[in-house]
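J.: Take a look at the following structure, please.
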Amino acid sequence: MDLHEYQAAEIFGRYGIPVNRGIVARTPEEARQAAEQLGGRVVVKAQVHAGGRGKAGGIRLANDPAEAEAAASQILGMEIRGRTVRKVLVAPAVAFDREYYLGVVLDRDARRIVVMASSAGGVDIEEVARERPEAVVREHADPFLGFLDYQARRLAFRLGIEPDLVRGFAAIARQLYQVYVDCDASLAEINPLVLTRDRTWMALDSKMVLDDNGLFRHPDLADLRDTEEEDPLEREARLAGISFVRLDGTVGCIVNGAGLSMATMDAIKLYGGEPANFLDIGGGASAQRVAAALRIVVADPNVRSILVNIFGGITRGDVVAQGLLEALREVDVRVPIVIRLVGTRQEEGRRLLEDAGFTVVDTMEEAAERAVAAAKSQ
Amino acid sequence: MDLHEYQAAEIFGRYGIPVNRGIVARTPEEARQAAEQLGGRVVVKAQVHAGGRGKAGGIRLANDPAEAEAAASQILGMEIRGRTVRKVLVAPAVAFDREYYLGVVLDRDARRIVVMASSAGGVDIEEVARERPEAVVREHADPFLGFLDYQARRLAFRLGIEPDLVRGFAAIARQLYQVYVDCDASLAEINPLVLTRDRTWMALDSKMVLDDNGLFRHPDLADLRDTEEEDPLEREARLAGISFVRLDGTVGCIVNGAGLSMATMDAIKLYGGEPANFLDIGGGASAQRVAAALRIVVADPNVRSILVNIFGGITRGDVVAQGLLEALREVDVRVPIVIRLVGTRQEEGRRLLEDAGFTVVDTMEEAAERAVAAAKSQ
Amino acid sequence: MAILVDESTRLLVQGITGREGSFHTQQMIEYGTRVVAGVTPGAGGREVHGVPVFDTVAEAVAATQPNVSFVAVPAPFAPDAILEAADAGIPLIVCITEGIPVLEMVRVYHAVRARGVRLLGPNCPGLISPGKAKVGIMPGFIHTPGPVGIVSRSGTLTYEVVWALTRAGIGQSTAVGIGGDPVIGTSFVDVLEMFQHDPETQAIVLIGEIGGADEEAAAEYIRRSVTKPVVGFIAGRTAPPGRRMGHAGAIISGGRGTAAEKIAAFEAAGVPVAERPAQVAELVRQVLERR
Amino acid sequence: MAILVDESTRLLVQGITGREGSFHTQQMIEYGTRVVAGVTPGAGGREVHGVPVFDTVAEAVAATQPNVSFVAVPAPFAPDAILEAADAGIPLIVCITEGIPVLEMVRVYHAVRARGVRLLGPNCPGLISPGKAKVGIMPGFIHTPGPVGIVSRSGTLTYEVVWALTRAGIGQSTAVGIGGDPVIGTSFVDVLEMFQHDPETQAIVLIGEIGGADEEAAAEYIRRSVTKPVVGFIAGRTAPPGRRMGHAGAIISGGRGTAAEKIAAFEAAGVPVAERPAQVAELVRQVLERR
């Protein structure tokens with residue numbers, strides 16, 4: 001789950017990280033008031049779950065409240081990578097000498113948390129890591145002892161930070177690590193971490209992504225979800241326990257299992273079609289889940305045909321078929337459906353579906369081929 | 001550092017342990033008011049850093065406020081193992097069915113924290129452990145993962161606690177472990193932990209000892225020290241960074257190093273004397289430390305002679321001697337002093353001391369023999 | 001022979017009184033797995049499908065000497081259950097639980113390794129040595145004994161491949177689902193090494209997906225240390241970067257972990273990669289015939 | 001030969017710019033120890049007594065290849081310093097710091113062991129192989145090379161015994177102060193094992209004190225595995241139970257850890273126990289003559 005910059009900054013601040021405190025505004029008028037309250041020059045920043053907001057014009061400097069209001073009216077309502085900006089953060093403009101990057105993330109290969117830092121802050125760190133790997137320094141936290149003080153200092157020394165600034169930098173690195181661990185984050189990032197003109201450290205932009213699996217033990221963090229910004233279909237899917245990603249194609253997919261879902265999408269592409277979505281209903285195949293999945297898929301106006309691919313496995317084929325029929329009765333589906341079903345007693349299941357007038361096929365490949373053909377003939 | 005029962009109970013309560021909350025009273029009148037406030041039967045318990053307060057009559061039941069006042073007037077001012085009772089805890093009397101023991105301590109041999117529990121609560125657990133070792137169950141916490149839920153449950157199952165009570169017992173065990181770790185304790189103990197008549201768990205007595213070495217990172221806990229109850233000489237020693245234990249003999253000891261101090265005491269005994277104290281001035285032998293040590297030792301009216309045993313080691317003998325002379329000028333010492341000094345340039349040191357009229361000997365054994373003889377001849 | 005589980009498997013089920021635990025216990029018994037004990041705290045003394053239930057793993061171990069544990073307890077309690085089994089010295093732990101916070105798994109992964117114990121999963125379908133033992137949630141009927149070892153990050157996709165093999169008359173030695181979470185106990189490389197040393201396994205199928213670099217590490221390992229033929233499949237050729245595809249692991253980030261990279265790595269290691277699950281069976285037949 | 005430190009020792013001093021670190025660096029250099037580097041964060045580039053100072057242990061290791069580290073930093077920072085040295089792969093770490101919270105040492109003890117590194121201390125005087133190298137705070141002049149290995153929980157009491165030996169014309173192979181804290185990196189048994197295998201050591205002196213059960217464990221180990229003669233000394237015969245005698249470790253609790261128990265254990269293992277420190281020299285002479 002993504003957090004907004006202002007939410008991440010609030011949490012970082014609680015851990016002692018010096019953040020550039022700002023005020024959230026939902027209207028140009030509120031932005032003007034915020035700028036008045038802060039005084040001086042401000043930055044107005046789009047609060048939206050999409051990268052590249054800077055390049056998209058979502059960050060503007062304002063010299064006075066009137067400019068802040070104008071900036072906010074330009075940013076609010078803007079579309080950035082398909083997301084509508086509904087909030088801006090108004091924060092003091094900070095004069096600084098240097099920009100650093102500081103981030104905490106899981107290193108899957110090492111099965112350890114890694115703290116990364118770079119003196120090339122303020123830019124895309126993945127690009128820096130690719131092009132000048134030596135510009136990014138890393139320390140792996142011990143799985144049991146955590147991220148130790150000497151490691152935090154070593155990051156600073158390796159970046160050439162002056163002795164009098166090392167302690168402050170190391171403290172922030174350790175605080176960011178602690179935020180990451182305490183919140184079950186999958187990313188905690190300060191970019192840029194700046195050295196201001198008066199030689200103090202300040203986090204100018206804060207970013208945090210949470211591990212969805214950890215939310216059950218952080219109800220306070222779960223409450224930070226911005227349901228307003230969430231795609232309504234993705235929201236429905238989430239609440240139904242379905243993994244759903246909307247794509248651009250015309251063949252809607254309903255599959256059980258993430259790997260099989262991806263393989264199904266690949267098969268659609270292989271037979272010349274384009275998947276309209278990734279959709280994994282998870283283990284089992286209950287009628288309610290399938291019905292929810294159908295509702296989500298048919299809500300996409302681009303969908304021209306639907307491929308249902310259920311590898312029932314232990315669940316009896318006739319039970320899965322009955323669930324499917326129940327769901328199909330419940331949802332008004334106006335595009336052709338191709339069903340592929342495997343499970344114990346799958347023949348009984350096929351018969352039930354065919355008797356109800358549905359196309360049932362034996363293999364995933366055949367299903368993909370037919371669904372693509374159906375989408376093209378629509 | 002020992003905490004009082006009421007202090008430990010307050011901390012345990014913060015961790016969610018159900019403690020029997022009481023009120024501290026310093027006068028019989030306050031005890032009566034506390035009993036009125038609580039209502040019903042109460043227990044009045046001496047708050048003193050000494051074991052065996054029950055046997056000493058430091059715990060009394062009272063049926064009403066008047067009885068509580070009477071009990072408090074009997075307990076306050078009482079001497080228990082050399083300590084004067086200055087406070088009592090007035091707490092509700094709790095009816096219970098069973099008494100358990102629950103404690104957390106360091107197992108030195110395993111270099112791990114161990115959580116111990118027994119169904120023989122309310123009595124001296126060390127006695128239980130000696131006489132019926134099978135009645136005490138133990139779980140070692142993992143040094144990195146801590147005390148796990150399954151271990152807490154296993155303690156409960158091994159004590160034969162019924163399934164519906166296991167979760168509550170396990171929760172208290174884990175909370176007690178957490179108190180121990182978070183506070184740098186060397187002992188955290190609930191004895192007894194009772195199962196009340198209405199089948200809930202309650203800590204009836206709370207005990208906690210803190211690791212002195214950990215106090216620097218817990219200023220709030222360091223403030224809990226009861227300086228009122230502390231022996232004034234032990235207090236002076238503590239503030240001067242001196243390890244001091246008052247004993248019953250007549251030969252005062254001033255030594256650098258704990259092992260050498262004990263060996264010096266042993267030597268005094270071997271030559272027929274009795275040490276008046278254990279006293280370790282620590283590494284080095286600064287004039288201030290030695291002066292403080294002298295003040296502490298001469299303040300004991302039982303002291304008939306003083307043995308100063310300094311193995312200066314790296315510190316030059318003449319420097320140690322000058323420090324000693326400085327200290328001896330500062331403190332009015334009216335009993336004979338035998339000095340033994342070893343260090344680089346020890347001859348120069350000896351000469352300085354002898355010139356000032358002090359008895360200086362070569363070996364520890366000789367020093368002990370002389371100091372014992374001096375004490376006996378006084 | 002087979003790897004990890006076979007006729008000598010003595011299975012403990014943790015969470016045996018739960019819905020999942022009870023259902024799969026029955027399924028595993030029906031398949032022929034010897035389930036010797038179950039654990040549910042507070043349910044000690046009961047029986048589930050004829051299997052005795054204990055309060056703690058230590059008691060279950062003392063009474064029934066299991067050598068594999070199947071962990072089917074909800075995510076908030078699963079790390080504790082895994083560690084309980086590891087501390088009791090059970091050498092193989094199979095955890096099907098999904099939704100365990102990844103930072104919990106970082107600690108558990110290293111703790112389990114330090115104890116010299118093998119963990120499979122979490123969030124995995126388990127494993128099966130057809131005709132010998134099933135310790136997992138996969139449908140037994142799609143499998144048949146034979147010479148092909150299978151290792152996969154996926155659940156139903158593995159069934160798809162197994163089903164294709166079985167229908168093509170090609171049996172399996174052991175099929176291992178390692179799980180799709182970012183931090184899992186057993187990697188592709190671990191399982192490849194076991195298959196390489198298993199005399200019964202004559203060919204290996206590796207089913208990967210986008211995200212992470214485990215497939216690349218597997219390809220490197222195959223190039224260096226695997227002499228048996230390997231056939232690969234990678235799901236997610238068409239997945240767009242930056243979006244998470246169901247599995248916590250299945251995400252392409254920073255241009256790393258794409259299907260194209262993984263396929264290239266396999267091909268560089270001499271591993272043919274199927275375009276469709278069904279094609280795996282054809283490729284396996286070819287490599288087996290070539291031997 | 002000797003144990004742990006000798007002419008091949010290349011010493012790193014952590015906290016070299018501090019009062020203690022700087023003083024003892026000078027003392028150790030004067031004794032002849034090869035001090036190759038120091039570490040103080042932020043002091044990189046400086047020199048202390050001619051020794052180059054680095055910001056991090058990793059840098060010091062890369063530049064000067066030390067094989068022993070001497071940790072002389074204050075208690076709040078000492079655990080971090082020990083772990084920094086351990087993570088940098090320095091095989092022997094000697095920590096003289098006193099006042100480290102014991103629960104910190106529980107974690108550090110196990111972390112250091114897991115890294116295969118030996119820690120001596122904390123709160124110990126260090127160790128010396130007379131005439132070869134001194135890595136500690138003991139006065140060098142009281143020592144002389146010879147055949148007696150010494151291991152002790154104490155500081156000045158050890159000097160007392162060494163001084164008695166030296167004056168009696170008996171030299172030492174290595175004198176090791178393991179420290180008096182409740183949790184220390186190296187135990188009596190560890191050092192006894194090393195002396196047993198050191199060809200130069202012909203007799204061993206073990207100086208214990210009340211509290212804990214390390215002396216009892218040592219006696220048991222001697223009985224089983226030490227063929228060289230051992231002489232013991234136990235401080236605290238007259239200490240009353242329940243009171244802490246300076247060292248965090250020196251406390252008799254629950255009737256365990258008394259001097260009487262420890263002396264009995266030694267005598268049962270055939271180890272003569274001296275009544276006075278000076279008597280140790282006499283007993284050592286006897287056991288050496290008997291050989």
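Chain labels run A, B, ... following the order of the structure tokens; each chain numbers its residues from 1, and ligands are numbered from 1 in the order shown.
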May I have the residues within 9 Å of stretch 9-17 of chain D as a short mmCIF file (atom, residue, chain, number, x, y, z; two decimals) with C-alpha atoms, in the first residue's frame, using only C-alpha atoms and disregarding those fewer than 4 positions away in the same chain?
T.:
```
data_model
loop_
_atom_site.label_atom_id
_atom_site.label_comp_id
_atom_site.auth_asym_id
_atom_site.auth_seq_id
_atom_site.Cartn_x
_atom_site.Cartn_y
_atom_site.Cartn_z
CA LEU D 4 46.04 -16.20 21.25
CA VAL D 5 48.72 -13.49 20.98
CA GLY D 21 42.82 3.87 24.25
CA SER D 22 45.68 6.29 23.72
CA PHE D 23 47.40 5.49 27.03
CA HIS D 24 47.27 1.73 26.61
CA THR D 25 48.29 1.96 22.95
CA THR D 33 53.19 -5.29 20.65
CA ARG D 34 52.81 -4.45 16.97
CA VAL D 35 49.93 -1.94 16.89
CA VAL D 36 49.10 -1.52 13.21
CA ALA D 37 46.02 0.67 13.27
CA GLY D 38 43.48 2.53 15.34
CA VAL D 39 39.84 3.42 14.78
CA THR D 40 37.90 6.42 15.98
CA PRO D 41 34.94 7.53 13.85
CA ALA D 43 39.41 10.85 13.36
CA GLU D 47 48.02 9.40 13.97
CA VAL D 48 48.26 8.35 17.63
CA VAL D 53 43.79 6.12 12.62
CA VAL D 57 37.21 -0.96 11.11
CA ALA D 60 41.60 -0.27 8.93
CA VAL D 61 41.36 -3.94 8.00
CA THR D 64 46.64 -2.86 7.70
CA GLN D 65 45.30 -6.46 8.07
CA PRO D 66 45.09 -6.59 11.87
CA ASN D 67 44.35 -10.00 13.42
CA VAL D 68 43.44 -8.84 16.94
CA SER D 69 41.34 -5.89 18.06
CA PHE D 70 41.58 -4.15 21.42
CA VAL D 71 38.30 -2.41 22.23
CA ALA D 72 38.63 0.52 24.62
CA VAL D 73 35.48 2.52 24.00
CA PRO D 74 32.89 3.57 26.61
CA ALA D 81 32.48 -1.61 18.36
CA ILE D 82 32.71 -5.34 19.09
CA ALA D 85 35.23 -5.78 14.52
CA LYS D 132 55.97 -11.56 22.77
CA ALA D 133 52.90 -9.38 22.89
CA VAL D 135 47.06 -6.93 24.44
#
```
J.: Pick out the chain D residues within 12 Å of chain C. Count only C-alpha atoms. Give them as a PyMOL selection string.
T.: chain D and resi 110-111+114-115
J.: Any chance you can output those residues with N, CA, C and O atoms as a PDB file, in the first residue's frame?
T.:
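What ended up in part.pdb:
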```
ATOM      1  N   HIS D 110      26.207 -14.107  21.519  1.00  0.00           N
ATOM      2  CA  HIS D 110      25.721 -15.068  20.524  1.00  0.00           C
ATOM      3  C   HIS D 110      26.014 -14.602  19.096  1.00  0.00           C
ATOM      4  O   HIS D 110      26.289 -15.422  18.218  1.00  0.00           O
ATOM      5  N   ALA D 111      25.963 -13.299  18.872  1.00  0.00           N
ATOM      6  CA  ALA D 111      26.255 -12.776  17.531  1.00  0.00           C
ATOM      7  C   ALA D 111      27.716 -13.033  17.162  1.00  0.00           C
ATOM      8  O   ALA D 111      28.027 -13.446  16.042  1.00  0.00           O
ATOM      9  N   ALA D 114      28.285 -16.683  16.452  1.00  0.00           N
ATOM     10  CA  ALA D 114      27.720 -17.076  15.154  1.00  0.00           C
ATOM     11  C   ALA D 114      28.655 -16.673  14.014  1.00  0.00           C
ATOM     12  O   ALA D 114      28.632 -17.264  12.944  1.00  0.00           O
ATOM     13  N   ARG D 115      29.468 -15.651  14.245  1.00  0.00           N
ATOM     14  CA  ARG D 115      30.412 -15.198  13.213  1.00  0.00           C
ATOM     15  C   ARG D 115      31.744 -15.913  13.313  1.00  0.00           C
ATOM     16  O   ARG D 115      32.687 -15.581  12.587  1.00  0.00           O
TER      17      ARG D 115
END
```
J.: Can you tell me which residues surround C:Ser152 at a distance of at most 8 Å, considering only C-alpha atoms, apart from same-chain residues fewer than 2 positions away, and format the answer as a list of chain:residue names?
T.: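 The neighbour list is C:Ile150, C:Ser154, C:Gly155, C:Thr158, C:Val176, C:Gly177, C:Ile178, C:Gly179, C:Phe188, C:Leu206, C:Ile207, C:Gly208.
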J.: Keeping only N, CA, C and O atoms, write the selected residues as a PDB file, in the first residue's frame.
T.:
```
ATOM      1  N   ILE C 150      10.067 -31.583 -10.577  1.00  0.00           N
ATOM      2  CA  ILE C 150       9.479 -30.285 -10.893  1.00  0.00           C
ATOM      3  C   ILE C 150       9.702 -29.339  -9.737  1.00  0.00           C
ATOM      4  O   ILE C 150       9.520 -29.705  -8.575  1.00  0.00           O
ATOM      5  N   SER C 154       4.983 -21.350  -8.337  1.00  0.00           N
ATOM      6  CA  SER C 154       3.550 -21.152  -8.508  1.00  0.00           C
ATOM      7  C   SER C 154       2.749 -22.354  -8.018  1.00  0.00           C
ATOM      8  O   SER C 154       3.307 -23.423  -7.778  1.00  0.00           O
ATOM      9  N   GLY C 155       1.432 -22.189  -7.854  1.00  0.00           N
ATOM     10  CA  GLY C 155       0.574 -23.287  -7.432  1.00  0.00           C
ATOM     11  C   GLY C 155      -0.150 -23.891  -8.610  1.00  0.00           C
ATOM     12  O   GLY C 155       0.315 -24.867  -9.209  1.00  0.00           O
ATOM     13  N   THR C 158       1.702 -24.874 -11.670  1.00  0.00           N
ATOM     14  CA  THR C 158       2.429 -26.141 -11.571  1.00  0.00           C
ATOM     15  C   THR C 158       1.492 -27.309 -11.880  1.00  0.00           C
ATOM     16  O   THR C 158       1.852 -28.247 -12.596  1.00  0.00           O
ATOM     17  N   VAL C 176       7.835 -29.907  -6.414  1.00  0.00           N
ATOM     18  CA  VAL C 176       8.049 -29.032  -5.262  1.00  0.00           C
ATOM     19  C   VAL C 176       7.589 -27.620  -5.589  1.00  0.00           C
ATOM     20  O   VAL C 176       8.074 -27.010  -6.541  1.00  0.00           O
ATOM     21  N   GLY C 177       6.663 -27.109  -4.788  1.00  0.00           N
ATOM     22  CA  GLY C 177       6.250 -25.710  -4.940  1.00  0.00           C
ATOM     23  C   GLY C 177       6.950 -24.873  -3.890  1.00  0.00           C
ATOM     24  O   GLY C 177       6.693 -25.032  -2.703  1.00  0.00           O
ATOM     25  N   ILE C 178       7.879 -24.010  -4.315  1.00  0.00           N
ATOM     26  CA  ILE C 178       8.683 -23.279  -3.326  1.00  0.00           C
ATOM     27  C   ILE C 178       7.991 -22.027  -2.820  1.00  0.00           C
ATOM     28  O   ILE C 178       8.404 -21.444  -1.826  1.00  0.00           O
ATOM     29  N   GLY C 179       6.917 -21.608  -3.488  1.00  0.00           N
ATOM     30  CA  GLY C 179       6.174 -20.444  -3.017  1.00  0.00           C
ATOM     31  C   GLY C 179       6.547 -19.173  -3.748  1.00  0.00           C
ATOM     32  O   GLY C 179       7.643 -19.060  -4.294  1.00  0.00           O
ATOM     33  N   PHE C 188      15.037 -22.145  -5.709  1.00  0.00           N
ATOM     34  CA  PHE C 188      15.215 -22.999  -6.887  1.00  0.00           C
ATOM     35  C   PHE C 188      16.527 -23.769  -6.798  1.00  0.00           C
ATOM     36  O   PHE C 188      16.579 -24.969  -7.042  1.00  0.00           O
ATOM     37  N   LEU C 206      11.613 -26.517 -14.447  1.00  0.00           N
ATOM     38  CA  LEU C 206      11.635 -25.358 -13.563  1.00  0.00           C
ATOM     39  C   LEU C 206      10.610 -24.358 -14.047  1.00  0.00           C
ATOM     40  O   LEU C 206      10.664 -23.900 -15.187  1.00  0.00           O
ATOM     41  N   ILE C 207       9.649 -24.035 -13.172  1.00  0.00           N
ATOM     42  CA  ILE C 207       8.582 -23.101 -13.537  1.00  0.00           C
ATOM     43  C   ILE C 207       8.775 -21.816 -12.760  1.00  0.00           C
ATOM     44  O   ILE C 207       8.593 -21.770 -11.547  1.00  0.00           O
ATOM     45  N   GLY C 208       9.177 -20.774 -13.474  1.00  0.00           N
ATOM     46  CA  GLY C 208       9.434 -19.505 -12.814  1.00  0.00           C
ATOM     47  C   GLY C 208       8.414 -18.469 -13.201  1.00  0.00           C
ATOM     48  O   GLY C 208       7.462 -18.729 -13.925  1.00  0.00           O
TER      49      GLY C 208
END
```
J.: Could you list, as a list in words, the residues of chain B having an atom within 6 Å of chain D when counting only C-alpha atoms?
T.: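 Within 6 Å of chain D on chain B, we get Arg111, Glu126, Pro143, Asn213, Gly214, Ser243, Gly257, Ala258, Gly259, Leu260, Met262, Ala263, Asp266, Gly313 and Ile314 of chain B.
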J.: Just C-alpha atoms for this one: save the residues we selected as a short mmCIF file (atom, residue, chain, number, x, y, z; two decimals), in the first residue's frame.
T.:
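The result, stored in part.cif:
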```cif
data_model
loop_
_atom_site.label_atom_id
_atom_site.label_comp_id
_atom_site.auth_asym_id
_atom_site.auth_seq_id
_atom_site.Cartn_x
_atom_site.Cartn_y
_atom_site.Cartn_z
CA ARG B 111 24.17 -16.97 28.45
CA GLU B 126 15.02 -21.23 45.29
CA PRO B 143 19.06 -14.36 22.24
CA ASN B 213 25.09 -1.13 34.19
CA GLY B 214 21.87 -0.57 32.28
CA SER B 243 32.11 -0.93 45.39
CA GLY B 257 40.05 -4.69 42.12
CA ALA B 258 37.15 -6.91 43.19
CA GLY B 259 39.06 -10.20 43.09
CA LEU B 260 42.01 -8.75 45.00
CA MET B 262 38.03 -10.62 48.19
CA ALA B 263 41.46 -12.25 48.39
CA ASP B 266 40.27 -13.99 52.83
CA GLY B 313 50.41 -2.05 38.06
CA ILE B 314 50.94 0.37 35.22
#
```
J.: If we count only C-alpha atoms, which residues of chain A reach to within 12 Å of chain B? Please list them as an MDAnalysis selection string.
T.: chainID A and resid 142:146
J.: Compile the contact shell of stretch 370-374 of chain B as a count of residues only: residues with an atom at most 8 Å away, counting only C-alpha atoms, same-chain residues fewer than 5 positions apart removed.
T.: 13
J.: List the neighbours of D:Thr174 out to 6 Å using only C-alpha atoms; skip same-chain residues closer than 4 positions along the sequence, and give me the result as a VMD selection string.
T.: chain D and resid 2 128 to 129 149
J.: With DSSP run on the backbone, what are the helix (DSSP H, G or I) residues within stretch 101-133 of chain D? I'd like them as a VMD selection string.
T.: chain D and resid 102 to 114
J.: Could you turn the residues from that selection into a file that holds N, CA and C atoms, as a short mmCIF file (atom, residue, chain, number, x, y, z; two decimals), in the first residue's frame?
T.:
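Output contents, as saved in again.cif:
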```cif
data_model
loop_
_atom_site.label_atom_id
_atom_site.label_comp_id
_atom_site.auth_asym_id
_atom_site.auth_seq_id
_atom_site.Cartn_x
_atom_site.Cartn_y
_atom_site.Cartn_z
N VAL D 102 24.28 -6.14 30.82
CA VAL D 102 24.46 -7.58 30.61
C VAL D 102 23.56 -8.10 29.48
N LEU D 103 22.39 -7.49 29.31
CA LEU D 103 21.52 -7.99 28.23
C LEU D 103 22.09 -7.64 26.85
N GLU D 104 22.85 -6.55 26.76
CA GLU D 104 23.57 -6.26 25.52
C GLU D 104 24.56 -7.40 25.24
N MET D 105 25.24 -7.82 26.30
CA MET D 105 26.26 -8.85 26.11
C MET D 105 25.66 -10.20 25.73
N VAL D 106 24.42 -10.45 26.15
CA VAL D 106 23.78 -11.70 25.73
C VAL D 106 23.68 -11.73 24.21
N ARG D 107 23.21 -10.62 23.64
CA ARG D 107 23.08 -10.55 22.18
C ARG D 107 24.45 -10.60 21.50
N VAL D 108 25.38 -9.80 22.04
CA VAL D 108 26.70 -9.72 21.42
C VAL D 108 27.41 -11.08 21.51
N TYR D 109 27.29 -11.74 22.65
CA TYR D 109 27.93 -13.05 22.83
C TYR D 109 27.51 -14.01 21.71
N HIS D 110 26.21 -14.11 21.52
CA HIS D 110 25.72 -15.07 20.52
C HIS D 110 26.01 -14.60 19.10
N ALA D 111 25.96 -13.30 18.87
CA ALA D 111 26.25 -12.78 17.53
C ALA D 111 27.72 -13.03 17.16
N VAL D 112 28.60 -12.81 18.11
CA VAL D 112 30.02 -12.99 17.85
C VAL D 112 30.33 -14.47 17.60
N ARG D 113 29.75 -15.33 18.41
CA ARG D 113 29.96 -16.77 18.20
C ARG D 113 29.46 -17.22 16.85
N ALA D 114 28.29 -16.68 16.45
CA ALA D 114 27.72 -17.08 15.15
C ALA D 114 28.65 -16.67 14.01
#
```
J.: Could you pull out the strand (DSSP E or B) residues of stretch 155-327 of chain B from DSSP and send them as an MDAnalysis selection string?
T.: chainID B and resid 185:196 201:203 206:210 243:246 251:255 275 277:280 305:316
J.: Atom CA of A:Gly349 and atom CA of C:His143 are how many Å apart?
T.: 20.4 Å
J.: Residues within 7 Å of B:Asp2, please, as a PyMOL selection string. Count only C-alpha atoms; anything in the same chain fewer than 4 positions from it doesn't count.
T.: chain B and resi 49+208-210
J.: May I ask for the distance between atom CA of B:Gly58 and atom CA of B:Ala46, given in Å to one decimal place?
T.: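 A separation of 5.1 Å between them.
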J.: What does the distance between atom CA of B:Ile254 and atom CA of B:Ala287 come to in Å, to one decimal place?
T.: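 Computed distance, atom CA of B:Ile254 to atom CA of B:Ala287, equals 12.6 Å.
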J.: Skipping near chain neighbours, those fewer than 2 positions away, what residues fall within 12 Å of D:Ser173 using only C-alpha atoms, listed as a ChimeraX atom specification?
T.: /D:1-6,127-134,143-151,162,165-166,170-171,175-176,194-196,198-205
